[in-house]
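A.B. asks: First, the structure itself, so that you have it in front of you.
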Amino acid sequence: MKKKWIVMALIACMTGLPEMLSAQKKEIAIQLYSVRDLIGSYGRQTGTDYTTVLKLLAEMGYTGVEAASYGDGKFYDRTPEQFRKDVEEAGLQVLSSHCTKPLTPEELASGDFTESLKWWDECIAAHKAAGMTYIVTPWLDVPATVKDLKTYCDYYNEVGRRCQVQGLKYGYHNHAHEFRKVEDSVTMLDYMIENTDPEYVFFEMDVYWVMYGQHSPVDYFNKYPGRFTVLHIKDHREIGQSGMVGFDAIFKNADTAGVRHIVVEVERYSHGVEESIRESINYLLDAPFVKASYNN
């Protein structure tokens, strides 16, 4: 009888093993700026093959990438089609890309951004060919006037509309300066959220920069529910390293935020690049408050 129970217990453990292992698989993308020392111009100088880096990311457990090198119709000097092929052959998803085109002083003054939209039409076409889901503007200087800020909101609405026509989604990524006041009257980030159309513009919240700007990500989730489709999961160095970012509360309120994807970004390192980005994903894989997927 004792042997029978031992055998049954072993079978139960073995049966449950695949489920336990699969529980560790989570949808976590990485902003490729995190590995800028391994790819890009530095990588070319040192002979680093960026496809090797992509495979390394997949082996660590990352499931997708966010590009940060779009220019002249290419990603990391590859055509959109080649970039997509390289990423997918490494076992990763082409998720998103950071790029933008600021308005010229003349466009900002006139409110006519026809010329810049021509650039965007080409950009959107390249991102569609690369298999992107999202295009994200990563930066906007604090405008001098509320009128200028409103012009940018109108501009982003139109970019987002054009993305939607082509089956993509468009968003804006914050830093800390968006919490400054414009003309001492409106908070830049709040104004942008309130004056962009949710149908055309989402926000990729960088949770570290929100905390650095002395604000609460969860407060913004509750104030503007559903607007934060993508989260940049970042810390002062590796994810979970500083103790200043309340990741448990952020993830527990992700549904309120409208989160569909999470993207790791490591800007500063305590160790070598590989060790830092591995430590960051391991923190999220081990965290019980991080779900396997938010895209449902």
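In the structure tokens, the first chain shown is A, the next is B, and so on; residue numbers restart at 1 for each chain, and ligands run from 1 in the order shown.
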Within 12 Å of range 193-197 of chain A, which residues of range 79-172 of chain A show up? Give each one with its shortest atom-to-atom distance in Å (one decimal) and the two atoms involved, counting only C-alpha atoms, rows by chain then rising residue number, as JSON lines.
C.D. replies:
```
{"residue": "A:Val146", "atom": "CA", "partner": "A:Asn195", "partner_atom": "CA", "distance": 11.3}
{"residue": "A:Lys147", "atom": "CA", "partner": "A:Asn195", "partner_atom": "CA", "distance": 11.7}
{"residue": "A:Leu149", "atom": "CA", "partner": "A:Asn195", "partner_atom": "CA", "distance": 9.4}
{"residue": "A:Lys150", "atom": "CA", "partner": "A:Asn195", "partner_atom": "CA", "distance": 7.2}
{"residue": "A:Thr151", "atom": "CA", "partner": "A:Asn195", "partner_atom": "CA", "distance": 10.0}
{"residue": "A:Tyr152", "atom": "CA", "partner": "A:Thr196", "partner_atom": "CA", "distance": 9.3}
{"residue": "A:Cys153", "atom": "CA", "partner": "A:Thr196", "partner_atom": "CA", "distance": 5.6}
{"residue": "A:Asp154", "atom": "CA", "partner": "A:Thr196", "partner_atom": "CA", "distance": 7.1}
{"residue": "A:Tyr155", "atom": "CA", "partner": "A:Thr196", "partner_atom": "CA", "distance": 9.3}
{"residue": "A:Tyr156", "atom": "CA", "partner": "A:Thr196", "partner_atom": "CA", "distance": 7.3}
{"residue": "A:Asn157", "atom": "CA", "partner": "A:Thr196", "partner_atom": "CA", "distance": 5.9}
{"residue": "A:Glu158", "atom": "CA", "partner": "A:Asp197", "partner_atom": "CA", "distance": 9.6}
{"residue": "A:Val159", "atom": "CA", "partner": "A:Thr196", "partner_atom": "CA", "distance": 10.9}
{"residue": "A:Gly160", "atom": "CA", "partner": "A:Asp197", "partner_atom": "CA", "distance": 8.7}
{"residue": "A:Arg161", "atom": "CA", "partner": "A:Asp197", "partner_atom": "CA", "distance": 9.3}
{"residue": "A:Tyr170", "atom": "CA", "partner": "A:Asp197", "partner_atom": "CA", "distance": 10.9}
{"residue": "A:Gly171", "atom": "CA", "partner": "A:Thr196", "partner_atom": "CA", "distance": 10.1}
{"residue": "A:Tyr172", "atom": "CA", "partner": "A:Ile193", "partner_atom": "CA", "distance": 9.5}
```
A.B. asks: Write the residues of the selection above to a file with C-alpha atoms, as a short mmCIF file (atom, residue, chain, number, x, y, z; two decimals), in the first residue's frame.
C.D. replies:
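Dumped to out34.cif:
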```cif
data_model
loop_
_atom_site.label_atom_id
_atom_site.label_comp_id
_atom_site.auth_asym_id
_atom_site.auth_seq_id
_atom_site.Cartn_x
_atom_site.Cartn_y
_atom_site.Cartn_z
CA VAL A 146 -0.69 75.51 -24.20
CA LYS A 147 -1.55 76.37 -27.81
CA LEU A 149 0.73 71.59 -26.78
CA LYS A 150 -2.77 71.46 -28.27
CA THR A 151 -1.25 71.51 -31.77
CA TYR A 152 0.86 68.50 -30.85
CA CYS A 153 -2.20 66.69 -29.51
CA ASP A 154 -3.98 67.34 -32.82
CA TYR A 155 -0.89 66.12 -34.67
CA TYR A 156 -0.71 62.92 -32.63
CA ASN A 157 -4.42 62.30 -33.16
CA GLU A 158 -3.89 62.43 -36.91
CA VAL A 159 -0.82 60.18 -36.76
CA GLY A 160 -2.86 57.74 -34.68
CA ARG A 161 -5.74 57.85 -37.16
CA TYR A 170 -0.01 54.71 -31.97
CA GLY A 171 1.12 55.83 -28.55
CA TYR A 172 3.22 58.24 -26.52
#
```
A.B. asks: Tell me, as a PyMOL selection string, which residues lie within 8 Å of range 100-106 of chain A, counting only C-alpha atoms; anything in the same chain fewer than 5 positions away does not count.
C.D. replies: chain A and resi 113+116+119-120+136-140
A.B. asks: Quick one: residues within 12 Å of Ser280 in chain A, only C-alpha atoms, excluding same-chain residues fewer than 3 positions away - as a PDB file with C-alpha atoms, in the first residue's frame?
C.D. replies:
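New file selection.pdb:
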```pdb
ATOM      1  CA  ILE A  28       7.541  39.997 -21.628  1.00  0.00           C
ATOM      2  CA  ALA A  29       9.052  42.139 -24.360  1.00  0.00           C
ATOM      3  CA  ILE A  30      12.284  44.124 -24.148  1.00  0.00           C
ATOM      4  CA  SER A  34      18.571  47.885 -23.218  1.00  0.00           C
ATOM      5  CA  LEU A  57      17.026  37.359 -25.410  1.00  0.00           C
ATOM      6  CA  MET A  60      16.408  34.273 -21.328  1.00  0.00           C
ATOM      7  CA  GLY A  61      12.614  34.182 -21.642  1.00  0.00           C
ATOM      8  CA  TYR A  62      11.824  37.411 -23.446  1.00  0.00           C
ATOM      9  CA  ILE A 233       8.788  48.234 -16.741  1.00  0.00           C
ATOM     10  CA  LYS A 234      11.910  50.002 -15.578  1.00  0.00           C
ATOM     11  CA  ASP A 235      13.873  50.673 -12.415  1.00  0.00           C
ATOM     12  CA  HIS A 236      16.891  52.794 -11.536  1.00  0.00           C
ATOM     13  CA  ARG A 237      19.018  49.923 -12.749  1.00  0.00           C
ATOM     14  CA  GLU A 238      17.823  46.284 -12.938  1.00  0.00           C
ATOM     15  CA  ILE A 239      14.121  45.594 -12.371  1.00  0.00           C
ATOM     16  CA  GLY A 240      13.435  45.371  -8.619  1.00  0.00           C
ATOM     17  CA  GLN A 241      16.882  46.705  -7.753  1.00  0.00           C
ATOM     18  CA  SER A 242      16.001  50.065  -6.198  1.00  0.00           C
ATOM     19  CA  VAL A 263       8.175  45.958 -22.034  1.00  0.00           C
ATOM     20  CA  VAL A 264      11.376  45.809 -19.978  1.00  0.00           C
ATOM     21  CA  GLU A 265      13.871  48.623 -20.348  1.00  0.00           C
ATOM     22  CA  VAL A 266      17.227  48.678 -18.582  1.00  0.00           C
ATOM     23  CA  GLU A 267      19.023  52.004 -19.035  1.00  0.00           C
ATOM     24  CA  ARG A 268      21.742  51.637 -16.399  1.00  0.00           C
ATOM     25  CA  TYR A 269      23.580  48.534 -15.282  1.00  0.00           C
ATOM     26  CA  SER A 270      25.000  47.273 -11.999  1.00  0.00           C
ATOM     27  CA  HIS A 271      26.721  44.436 -13.868  1.00  0.00           C
ATOM     28  CA  VAL A 273      24.568  44.007 -19.940  1.00  0.00           C
ATOM     29  CA  GLU A 274      23.705  40.323 -20.240  1.00  0.00           C
ATOM     30  CA  GLU A 275      23.609  39.775 -16.490  1.00  0.00           C
ATOM     31  CA  SER A 276      21.495  42.891 -15.941  1.00  0.00           C
ATOM     32  CA  ILE A 277      18.815  42.059 -18.486  1.00  0.00           C
ATOM     33  CA  TYR A 283      12.547  39.166 -11.272  1.00  0.00           C
ATOM     34  CA  LEU A 284       9.356  39.341 -13.357  1.00  0.00           C
ATOM     35  CA  LEU A 285       9.230  35.610 -14.067  1.00  0.00           C
ATOM     36  CA  ASP A 286       9.513  34.868 -10.351  1.00  0.00           C
ATOM     37  CA  ALA A 287       7.058  37.571  -9.246  1.00  0.00           C
TER      38      ALA A 287
END
```
A.B. asks: What are the DSSP strand (DSSP E or B) residues of range 24-202 of chain A, as a ChimeraX atom specification?
C.D. replies: /A:29-31,64-67,70-71,74-75,78,93-98,134-137,169-173,181-182,186-187,201-202
A.B. asks: Residues at most 8 Å from Leu95 in chain A, counting only C-alpha atoms, excluding those fewer than 3 positions away in the same chain, as a list in words?
C.D. replies: Ala29, Gly64, Val65, Glu66, Gly131, Met132, Thr133 and Tyr134 of chain A
A.B. asks: If you run DSSP on the backbone, which residues of range 13-238 of chain A are helix (DSSP H, G or I), as JSON, numbers by chain?
C.D. replies: {"A": [13, 14, 15, 16, 17, 18, 19, 20, 21, 22, 32, 33, 34, 35, 40, 41, 42, 43, 44, 45, 46, 50, 51, 52, 53, 54, 55, 56, 57, 58, 59, 60, 80, 81, 82, 83, 84, 85, 86, 87, 88, 89, 105, 106, 107, 108, 109, 110, 114, 115, 116, 117, 118, 119, 120, 121, 122, 123, 124, 125, 126, 127, 128, 129, 146, 147, 148, 149, 150, 151, 152, 153, 154, 155, 156, 157, 158, 159, 160, 161, 162, 163, 164, 165, 177, 178, 179, 188, 189, 190, 191, 192, 193, 194, 207, 208, 209, 210, 211, 212, 217, 218, 219, 220, 221, 222, 223]}
A.B. asks: For the residues selected in the previous step, produce a file with C-alpha atoms as a compact mmCIF listing (two decimals), in the first residue's frame.
C.D. replies:
```
# COMPACT_ATOMS: atom_id res chain seq x y z
CA CYS A 13 4.17 15.33 -9.56
CA MET A 14 5.18 14.36 -13.08
CA THR A 15 1.75 15.21 -14.43
CA GLY A 16 1.85 18.61 -12.82
CA LEU A 17 5.42 19.33 -13.91
CA PRO A 18 4.61 20.67 -17.42
CA GLU A 19 2.04 23.01 -15.91
CA MET A 20 4.55 24.22 -13.34
CA LEU A 21 7.13 24.85 -16.05
CA SER A 22 4.65 26.59 -18.36
CA LEU A 32 16.28 46.97 -27.58
CA TYR A 33 17.84 50.15 -26.19
CA SER A 34 18.57 47.88 -23.22
CA VAL A 35 21.14 46.04 -25.33
CA GLY A 40 23.76 49.09 -33.24
CA SER A 41 26.91 51.03 -34.15
CA TYR A 42 28.90 49.64 -31.22
CA GLY A 43 27.96 46.10 -32.14
CA ARG A 44 29.04 46.65 -35.72
CA GLN A 45 32.41 48.00 -34.55
CA THR A 46 33.00 44.97 -32.35
CA TYR A 50 22.65 41.24 -33.65
CA THR A 51 20.82 38.00 -34.49
CA THR A 52 22.94 36.31 -31.81
CA VAL A 53 21.71 38.91 -29.33
CA LEU A 54 18.09 38.30 -30.38
CA LYS A 55 18.50 34.56 -29.77
CA LEU A 56 20.06 35.26 -26.38
CA LEU A 57 17.03 37.36 -25.41
CA ALA A 58 14.68 34.56 -26.41
CA GLU A 59 16.71 32.02 -24.39
CA MET A 60 16.41 34.27 -21.33
CA PRO A 80 11.56 45.98 -42.46
CA GLU A 81 11.10 42.54 -43.98
CA GLN A 82 14.59 41.37 -42.98
CA PHE A 83 14.23 42.76 -39.47
CA ARG A 84 10.95 40.90 -39.04
CA LYS A 85 12.50 37.69 -40.37
CA ASP A 86 15.49 37.96 -38.02
CA VAL A 87 13.33 38.61 -34.96
CA GLU A 88 10.85 35.84 -35.70
CA GLU A 89 13.58 33.31 -36.51
CA PRO A 105 8.64 75.79 -36.08
CA GLU A 106 6.60 76.74 -39.15
CA GLU A 107 4.24 73.78 -38.75
CA LEU A 108 3.85 74.49 -35.05
CA ALA A 109 2.99 78.13 -35.72
CA SER A 110 0.56 77.40 -38.56
CA THR A 114 1.03 68.20 -43.94
CA GLU A 115 4.76 67.79 -44.66
CA SER A 116 5.46 65.88 -41.47
CA LEU A 117 2.53 63.58 -42.19
CA LYS A 118 4.19 62.57 -45.46
CA TRP A 119 7.11 61.28 -43.39
CA TRP A 120 4.67 59.44 -41.16
CA ASP A 121 2.97 57.74 -44.11
CA GLU A 122 6.31 56.24 -45.12
CA CYS A 123 7.13 55.38 -41.52
CA ILE A 124 3.81 53.62 -40.97
CA ALA A 125 4.25 51.62 -44.17
CA ALA A 126 7.71 50.46 -43.02
CA HIS A 127 6.41 49.48 -39.59
CA LYS A 128 3.53 47.55 -41.13
CA ALA A 129 6.00 45.67 -43.35
CA VAL A 146 -0.69 75.51 -24.20
CA LYS A 147 -1.55 76.37 -27.81
CA ASP A 148 1.58 74.55 -28.98
CA LEU A 149 0.73 71.59 -26.78
CA LYS A 150 -2.77 71.46 -28.27
CA THR A 151 -1.25 71.51 -31.77
CA TYR A 152 0.86 68.50 -30.85
CA CYS A 153 -2.20 66.69 -29.51
CA ASP A 154 -3.98 67.34 -32.82
CA TYR A 155 -0.89 66.12 -34.67
CA TYR A 156 -0.71 62.92 -32.63
CA ASN A 157 -4.42 62.30 -33.16
CA GLU A 158 -3.89 62.43 -36.91
CA VAL A 159 -0.82 60.18 -36.76
CA GLY A 160 -2.86 57.74 -34.68
CA ARG A 161 -5.74 57.85 -37.16
CA ARG A 162 -3.36 57.02 -40.01
CA CYS A 163 -1.85 54.18 -38.00
CA GLN A 164 -5.31 52.77 -37.34
CA VAL A 165 -6.16 52.81 -41.05
CA HIS A 177 9.36 66.22 -17.59
CA GLU A 178 5.74 65.70 -18.64
CA PHE A 179 4.72 66.44 -15.06
CA MET A 188 1.70 68.46 -19.65
CA LEU A 189 0.91 64.74 -19.33
CA ASP A 190 -2.63 65.25 -18.06
CA TYR A 191 -3.36 67.68 -20.86
CA MET A 192 -2.01 65.23 -23.46
CA ILE A 193 -4.15 62.38 -22.14
CA GLU A 194 -7.25 64.58 -22.00
CA VAL A 207 6.57 53.47 -14.47
CA TYR A 208 10.05 54.45 -13.29
CA TRP A 209 9.84 57.95 -14.74
CA VAL A 210 6.42 58.44 -13.17
CA MET A 211 7.88 57.55 -9.77
CA TYR A 212 10.95 59.70 -10.48
CA PRO A 217 1.38 55.07 -11.54
CA VAL A 218 -1.67 53.60 -9.82
CA ASP A 219 -3.15 57.06 -9.25
CA TYR A 220 -2.84 57.68 -13.00
CA PHE A 221 -4.41 54.29 -13.76
CA ASN A 222 -7.40 55.30 -11.67
CA LYS A 223 -7.55 58.83 -13.06
```
A.B. asks: Residues within 12 Å of Lys252 in chain A, please, as a ChimeraX atom specification. Count only C-alpha atoms; anything in the same chain fewer than 4 positions from it doesn't count.
C.D. replies: /A:217-218,221,246-248,256-259,287-291,294
A.B. asks: Mind dumping the selected residues with C-alpha atoms as a tab-separated table (two decimals), in the first residue's frame?
C.D. replies:
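The resulting again_31.tsv:
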```tsv
chain	number	residue	atom	x	y	z
A	217	PRO	CA	1.38	55.07	-11.54
A	218	VAL	CA	-1.67	53.60	-9.82
A	221	PHE	CA	-4.41	54.29	-13.76
A	246	GLY	CA	5.95	49.49	-6.25
A	247	PHE	CA	5.78	46.83	-8.94
A	248	ASP	CA	3.30	44.67	-7.00
A	256	THR	CA	-7.66	49.21	-14.60
A	257	ALA	CA	-4.84	50.76	-16.64
A	258	GLY	CA	-5.87	48.82	-19.74
A	259	VAL	CA	-2.49	47.08	-20.03
A	287	ALA	CA	7.06	37.57	-9.25
A	288	PRO	CA	3.68	36.00	-8.38
A	289	PHE	CA	1.89	39.27	-9.13
A	290	VAL	CA	2.94	39.28	-12.82
A	291	LYS	CA	0.46	37.39	-15.00
A	294	TYR	CA	-2.17	40.71	-20.35
```
A.B. asks: Can you measure CA of Asp72 in chain A to CA of Ala144 in chain A for me? One decimal in Å is fine.
C.D. replies: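 Taking CA of Asp72 in chain A and CA of Ala144 in chain A, their separation equals 29.7 Å.
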